[in-house]
$ cat upload36.cif   # mmCIF, C-alpha atoms
data_protein
loop_
_atom_site.label_atom_id
_atom_site.label_comp_id
_atom_site.auth_asym_id
_atom_site.auth_seq_id
_atom_site.Cartn_x
_atom_site.Cartn_y
_atom_site.Cartn_z
CA MET A 298 57.63 -26.81 56.24
CA SER A 299 59.49 -24.54 58.65
CA ALA A 300 57.88 -22.19 61.15
CA VAL A 301 56.52 -18.87 59.96
CA GLU A 302 56.77 -15.64 61.92
CA VAL A 303 53.18 -15.20 63.03
CA SER A 304 51.85 -11.87 64.29
CA TYR A 305 51.48 -11.69 68.07
CA ASP A 306 50.85 -9.40 71.05
CA VAL A 307 52.29 -9.54 74.56
CA ASP A 308 50.45 -8.13 77.58
CA GLY A 309 51.28 -8.15 81.27
CA PRO A 310 54.40 -7.93 83.46
CA ALA A 311 57.65 -8.69 81.66
CA GLU A 312 58.94 -10.97 84.43
CA ALA A 313 55.68 -12.87 85.01
CA PRO A 314 55.13 -16.50 83.96
CA VAL A 315 54.11 -16.72 80.30
CA VAL A 316 50.66 -17.83 79.13
CA VAL A 317 50.10 -18.55 75.42
CA LEU A 318 46.53 -18.43 74.11
CA SER A 319 45.92 -20.35 70.86
CA ASN A 320 42.91 -19.82 68.61
CA SER A 321 40.10 -21.78 67.04
CA LEU A 322 39.98 -22.46 63.32
CA GLY A 323 38.80 -19.27 61.64
CA ALA A 324 39.55 -17.05 64.63
CA THR A 325 42.16 -14.38 65.30
CA ARG A 326 43.73 -13.47 68.64
CA ALA A 327 40.77 -11.15 69.23
CA MET A 328 38.81 -14.22 70.35
CA TRP A 329 40.71 -13.98 73.65
CA ASP A 330 39.83 -10.34 74.35
CA PRO A 331 37.55 -11.26 77.30
CA GLN A 332 40.37 -13.19 79.02
CA VAL A 333 43.45 -11.05 78.40
CA PRO A 334 42.88 -8.21 80.92
CA ALA A 335 42.42 -10.53 83.91
CA LEU A 336 45.19 -12.93 82.88
CA ALA A 337 47.60 -10.06 82.22
CA GLN A 338 47.34 -8.94 85.83
CA ARG A 339 49.24 -12.08 86.87
CA PHE A 340 50.88 -13.39 83.70
CA ARG A 341 52.78 -12.34 80.60
CA VAL A 342 50.05 -13.14 78.08
CA VAL A 343 50.88 -13.98 74.46
CA THR A 344 48.10 -13.95 71.88
CA TYR A 345 48.79 -14.61 68.22
CA ASP A 346 47.14 -15.07 64.84
CA GLY A 347 47.70 -18.56 63.51
CA ARG A 348 49.13 -18.90 60.03
CA GLY A 349 46.53 -18.09 57.41
CA HIS A 350 44.52 -16.00 59.87
CA GLY A 351 44.43 -12.32 60.80
CA GLU A 352 47.73 -10.52 60.36
CA SER A 353 49.88 -13.65 60.02
CA PRO A 354 51.33 -14.98 56.76
CA ALA A 355 49.52 -17.65 54.78
CA PRO A 356 52.17 -19.86 53.20
CA ALA A 357 51.08 -22.42 50.63
CA GLY A 358 49.86 -25.67 52.15
CA PRO A 359 49.75 -28.38 53.14
CA TYR A 360 50.34 -27.72 56.84
CA THR A 361 50.85 -30.21 59.64
CA ILE A 362 50.05 -29.92 63.33
CA ASP A 363 53.81 -29.82 63.94
CA ASP A 364 54.09 -26.77 61.69
CA LEU A 365 51.55 -25.00 63.89
CA VAL A 366 53.44 -26.05 67.02
CA ASP A 367 56.67 -24.74 65.51
CA ASP A 368 54.99 -21.37 64.92
CA VAL A 369 54.20 -21.11 68.65
CA LEU A 370 57.69 -22.19 69.65
CA GLY A 371 59.05 -19.48 67.37
CA VAL A 372 57.03 -16.86 69.24
CA LEU A 373 58.30 -18.14 72.59
CA ASP A 374 61.86 -18.03 71.30
CA ARG A 375 61.42 -14.46 70.08
CA ILE A 376 60.22 -13.27 73.48
CA GLY A 377 62.87 -15.28 75.32
CA ALA A 378 60.49 -17.68 77.09
CA GLU A 379 61.76 -21.19 77.77
CA ARG A 380 58.45 -22.41 79.20
CA ALA A 381 54.84 -21.32 79.09
CA HIS A 382 51.38 -22.25 80.20
CA VAL A 383 49.33 -22.99 77.08
CA ALA A 384 45.58 -22.68 76.52
CA GLY A 385 43.88 -23.44 73.22
CA VAL A 386 40.36 -23.53 71.82
CA SER A 387 39.48 -26.23 69.26
CA LEU A 388 42.37 -26.21 66.76
CA GLY A 389 44.35 -24.24 69.35
CA GLY A 390 43.73 -27.02 71.86
CA MET A 391 45.08 -29.53 69.36
CA VAL A 392 48.19 -27.40 68.98
CA GLY A 393 48.54 -27.30 72.76
CA MET A 394 48.18 -31.06 73.13
CA ARG A 395 50.73 -31.79 70.43
CA MET A 396 53.13 -29.21 71.88
CA ALA A 397 52.84 -30.69 75.38
CA ALA A 398 53.43 -34.21 74.08
CA ARG A 399 56.27 -33.30 71.72
CA GLU A 400 58.01 -30.58 73.70
CA PRO A 401 57.32 -31.32 77.37
CA ALA A 402 60.11 -29.03 78.56
CA ARG A 403 58.36 -26.04 76.96
CA VAL A 404 54.87 -26.51 78.46
CA ASP A 405 54.25 -25.87 82.13
CA ARG A 406 50.48 -26.29 82.45
CA LEU A 407 47.96 -27.00 79.68
CA ALA A 408 44.32 -26.02 79.17
CA VAL A 409 42.39 -27.68 76.33
CA LEU A 410 39.10 -25.94 75.58
CA PHE A 411 36.28 -27.30 73.38
CA SER A 412 38.72 -29.46 71.44
CA SER A 413 39.33 -33.07 70.41
CA SER A 414 42.12 -35.55 69.89
CA LYS A 415 40.38 -37.10 66.84
CA VAL A 416 37.54 -35.82 64.66
CA ASP A 417 35.46 -37.16 61.81
CA PRO A 418 37.61 -35.86 58.94
CA GLN A 419 35.19 -35.62 56.03
CA GLY A 420 33.42 -32.43 57.05
CA PHE A 421 36.70 -30.57 57.45
CA LEU A 422 38.08 -31.91 54.18
CA ASP A 423 34.90 -30.84 52.41
CA ARG A 424 35.17 -27.39 53.98
CA ALA A 425 38.77 -27.09 52.79
CA ALA A 426 37.69 -27.77 49.21
CA GLN A 427 34.83 -25.30 49.52
CA ALA A 428 37.11 -22.59 50.93
CA ARG A 429 39.45 -22.93 47.97
CA ALA A 430 36.54 -22.83 45.55
CA GLY A 431 34.43 -20.06 47.06
CA GLY A 432 36.31 -18.36 49.87
CA THR A 433 35.85 -18.28 53.63
CA GLU A 434 33.04 -15.73 53.70
CA GLN A 435 30.51 -18.41 52.78
CA PHE A 436 31.13 -20.22 56.08
CA ALA A 437 30.92 -17.24 58.40
CA PRO A 438 27.22 -17.33 59.39
CA THR A 439 27.14 -21.12 59.81
CA VAL A 440 30.34 -21.23 61.87
CA VAL A 441 29.20 -18.45 64.20
CA GLN A 442 25.91 -20.34 64.71
CA ARG A 443 28.01 -23.21 66.06
CA TRP A 444 30.11 -20.91 68.25
CA LEU A 445 27.26 -19.15 70.07
CA THR A 446 23.92 -20.35 71.38
CA PRO A 447 20.95 -18.87 69.49
CA ALA A 448 19.70 -16.81 72.42
CA TYR A 449 23.11 -15.29 73.09
CA ALA A 450 23.66 -14.53 69.41
CA ALA A 451 20.28 -12.82 69.18
CA GLU A 452 21.22 -10.52 72.07
CA HIS A 453 24.75 -9.78 70.83
CA ARG A 454 24.44 -8.92 67.15
CA ASP A 455 27.56 -6.73 67.23
CA LEU A 456 29.62 -9.69 68.43
CA VAL A 457 28.09 -11.89 65.74
CA ALA A 458 29.08 -9.35 63.08
CA ARG A 459 32.65 -9.17 64.41
CA LEU A 460 33.01 -12.94 64.46
CA GLU A 461 31.62 -13.30 60.95
CA ALA A 462 34.07 -10.66 59.72
CA MET A 463 36.90 -12.51 61.48
CA ILE A 464 36.11 -15.74 59.63
CA ALA A 465 35.55 -13.99 56.30
CA GLY A 466 38.93 -12.27 56.71
CA ALA A 467 40.90 -15.51 56.90
CA ASP A 468 43.07 -16.30 53.89
CA ASP A 469 41.24 -18.85 51.74
CA GLU A 470 44.22 -21.16 51.25
CA GLY A 471 45.46 -20.73 54.81
CA TYR A 472 42.03 -21.56 56.19
CA ALA A 473 41.70 -24.55 53.87
CA ALA A 474 45.11 -25.90 54.90
CA CYS A 475 44.17 -25.52 58.57
CA CYS A 476 40.89 -27.36 57.92
CA GLU A 477 42.98 -30.22 56.56
CA VAL A 478 45.12 -30.20 59.71
CA VAL A 479 41.99 -30.62 61.83
CA GLY A 480 40.59 -33.27 59.50
CA GLY A 481 43.80 -35.28 59.63
CA ILE A 482 44.43 -34.96 63.35
CA ASP A 483 44.91 -38.02 65.54
CA LEU A 484 46.44 -37.18 68.89
CA ARG A 485 45.13 -40.18 70.79
CA GLU A 486 48.58 -41.70 71.25
CA ASP A 487 49.96 -38.31 72.28
CA LEU A 488 47.57 -38.02 75.22
CA GLY A 489 49.45 -40.55 77.33
CA ARG A 490 52.69 -38.65 76.79
CA ILE A 491 51.37 -35.36 78.17
CA ALA A 492 52.93 -34.75 81.58
CA ALA A 493 51.80 -31.13 82.03
CA PRO A 494 48.97 -30.71 84.53
CA THR A 495 45.94 -30.36 82.28
CA LEU A 496 42.52 -28.78 82.50
CA VAL A 497 40.01 -29.87 79.84
CA VAL A 498 37.01 -27.58 79.35
CA SER A 499 33.82 -28.77 77.66
CA GLY A 500 30.87 -26.75 76.39
CA SER A 501 27.64 -28.52 77.28
CA GLU A 502 25.86 -27.24 74.17
CA ASP A 503 28.75 -27.40 71.72
CA PRO A 504 27.41 -28.83 68.44
CA ALA A 505 30.78 -28.86 66.67
CA LEU A 506 32.89 -30.85 69.15
CA PRO A 507 30.40 -32.05 71.77
CA PRO A 508 31.31 -33.14 75.31
CA PRO A 509 32.30 -36.77 74.50
CA HIS A 510 35.31 -35.37 72.62
CA GLN A 511 36.56 -33.57 75.73
CA ALA A 512 35.74 -36.52 77.97
CA ALA A 513 37.99 -38.69 75.79
CA VAL A 514 40.81 -36.13 76.01
CA ALA A 515 40.53 -35.92 79.79
CA ALA A 516 40.45 -39.71 80.10
CA GLY A 517 43.62 -40.01 78.03
CA ILE A 518 45.75 -37.51 79.97
CA ARG A 519 46.85 -38.73 83.36
CA GLY A 520 45.40 -36.63 86.15
CA ALA A 521 43.52 -34.25 83.84
CA ALA A 522 40.60 -32.30 85.29
CA LEU A 523 37.39 -31.96 83.26
CA LEU A 524 35.15 -28.90 83.61
CA THR A 525 31.84 -28.52 81.79
CA VAL A 526 30.69 -24.95 81.11
CA PRO A 527 27.15 -24.28 79.88
CA GLY A 528 27.44 -22.68 76.45
CA ALA A 529 28.59 -23.27 72.91
CA HIS A 530 31.93 -23.78 71.25
CA LEU A 531 33.40 -20.40 72.13
CA ALA A 532 32.25 -20.32 75.73
CA ASN A 533 35.21 -18.09 76.50
CA LEU A 534 33.08 -15.43 74.73
CA GLU A 535 29.63 -16.50 75.90
CA ARG A 536 30.59 -17.45 79.47
CA PRO A 537 33.77 -15.41 80.04
CA VAL A 538 33.57 -15.25 83.83
CA GLU A 539 33.57 -19.03 84.20
CA VAL A 540 36.26 -19.64 81.59
CA THR A 541 38.57 -16.87 82.77
CA GLY A 542 38.21 -17.96 86.38
CA ALA A 543 38.99 -21.56 85.48
CA LEU A 544 42.12 -20.53 83.57
CA LEU A 545 43.34 -18.29 86.38
CA ALA A 546 42.86 -21.02 88.96
CA HIS A 547 44.57 -23.62 86.80
CA PHE A 548 47.55 -21.50 85.83
CA ASP A 549 47.97 -20.06 89.33
CA GLY A 550 48.50 -23.62 90.46
CA GLY A 551 51.63 -23.74 88.33
CA THR A 552 53.07 -20.27 89.07
CA ARG A 553 56.64 -20.45 90.23
#

$ encode --input "upload36.cif" --output "structure tokens"
Amino acid sequence: MSAVEVSYDVDGPAEAPVVVLSNSLGATRAMWDPQVPALAQRFRVVTYDGRGHGESPAPAGPYTIDDLVDDVLGVLDRIGAERAHVAGVSLGGMVGMRMAAREPARVDRLAVLFSSSKVDPQGFLDRAAQARAGGTEQFAPTVVQRWLTPAYAAEHRDLVARLEAMIAGADDEGYAACCEVVGGIDLREDLGRIAAPTLVVSGSEDPALPPPHQAAVAAGIRGAALLTVPGAHLANLERPVEVTGALLAHFDGGTR
């Protein structure tokens, strides 16, 4: 399958180094709202909706991880960027890892947040079948419970409602096909081919992809740094100061 023209936004100075922010399964580019203002002071920040999510097309599946990488490369080509720093959460981190291994000339520095190089596939394959049968709305409450700690969710009901609407708004087939990408992922051999300086971020209370997943990623990428942030899967929402600061420090190290 060829790349699709996904919907994207660009913020920040036109001549600044480019940072691409890639989303979790079920999320739109709005998941990065806490990070964009600070990053855009120093970088040209690209956020996008992955295929099957938000305002992007949802072509018929199946998809591969390389299809998702090609979508990002298409965005970079459209804005005239030869290289970029890349940060991704969960599925977005998988896209970043594959992109850095496959297209090393296009990735300057890499940040892999709350992600994995290999998951237990059955849960994601089951979710794909359920999405096709009953739609994505059925998953919204359960997924958000994994993204946020209970105490934080209880204090931020508006955020919970927005996240649940985000998941429910995903295209059923597009979401299912992306579930199958996650279920079928095995990037363990790719890790040793990643030359980009890499920051791996782990959420200490992440029930979906707990810290051993990130420890394995960091161990497989030469010279990778591992940072553990207290919080759940989407700690960029729950602990935005720590996550934004870590990204700024990491990407500033690669500014030319």

$ resolve_selection --input "upload36.cif" --expression "the PyMOL selection byres ((chain A and resi 420) around 12)" --output "ChimeraX atom specification"
/A:416-419,421-427,473,476-477,479-481,505

$ write_last_selection --input "upload36.cif" --atoms "C-alpha atoms" --output "CSV table (one decimal), in the coordinates of the input"
chain,number,residue,atom,x,y,z
A,416,VAL,CA,37.5,-35.8,64.7
A,417,ASP,CA,35.5,-37.2,61.8
A,418,PRO,CA,37.6,-35.9,58.9
A,419,GLN,CA,35.2,-35.6,56.0
A,421,PHE,CA,36.7,-30.6,57.4
A,422,LEU,CA,38.1,-31.9,54.2
A,423,ASP,CA,34.9,-30.8,52.4
A,424,ARG,CA,35.2,-27.4,54.0
A,425,ALA,CA,38.8,-27.1,52.8
A,426,ALA,CA,37.7,-27.8,49.2
A,427,GLN,CA,34.8,-25.3,49.5
A,473,ALA,CA,41.7,-24.6,53.9
A,476,CYS,CA,40.9,-27.4,57.9
A,477,GLU,CA,43.0,-30.2,56.6
A,479,VAL,CA,42.0,-30.6,61.8
A,480,GLY,CA,40.6,-33.3,59.5
A,481,GLY,CA,43.8,-35.3,59.6
A,505,ALA,CA,30.8,-28.9,66.7

$ resolve_selection --input "upload36.cif" --expression "the PyMOL selection byres ((chain A and resi 405) around 10)" --output "JSON, numbers by chain"
{"A": [314, 315, 316, 379, 380, 381, 382, 383, 397, 401, 402, 403, 404, 406, 407, 492, 493, 494, 495, 548, 551, 552]}

$ closest_residue --input "upload36.cif" --among "A:Tyr345, A:Tyr360, A:Tyr472, A:Phe436" --to "Glu302 (chain A)" --atoms "all atoms listed in the file"
A:Tyr345

$ atom_distance --input "upload36.cif" --atom1 "CA of Gln435 (chain A)" --atom2 "CA of Thr361 (chain A)"
24.5 Å

$ closest_residue --input "upload36.cif" --among "A:Val342, A:Ala384, A:Ala512, A:Ala532" --to "Ala311 (chain A)" --atoms "all atoms listed in the file"
A:Val342

$ residues_around --input "upload36.cif" --residues "Glu312 (chain A)" --least-positions-apart "6" --cutoff "12 Å" --atoms "all atoms listed in the file" --output "list in words"
Ala337, Gln338, Arg339, Phe340, Arg341, Val342, Ile376, Gly377, Ala378, Thr552 and Arg553 of chain A
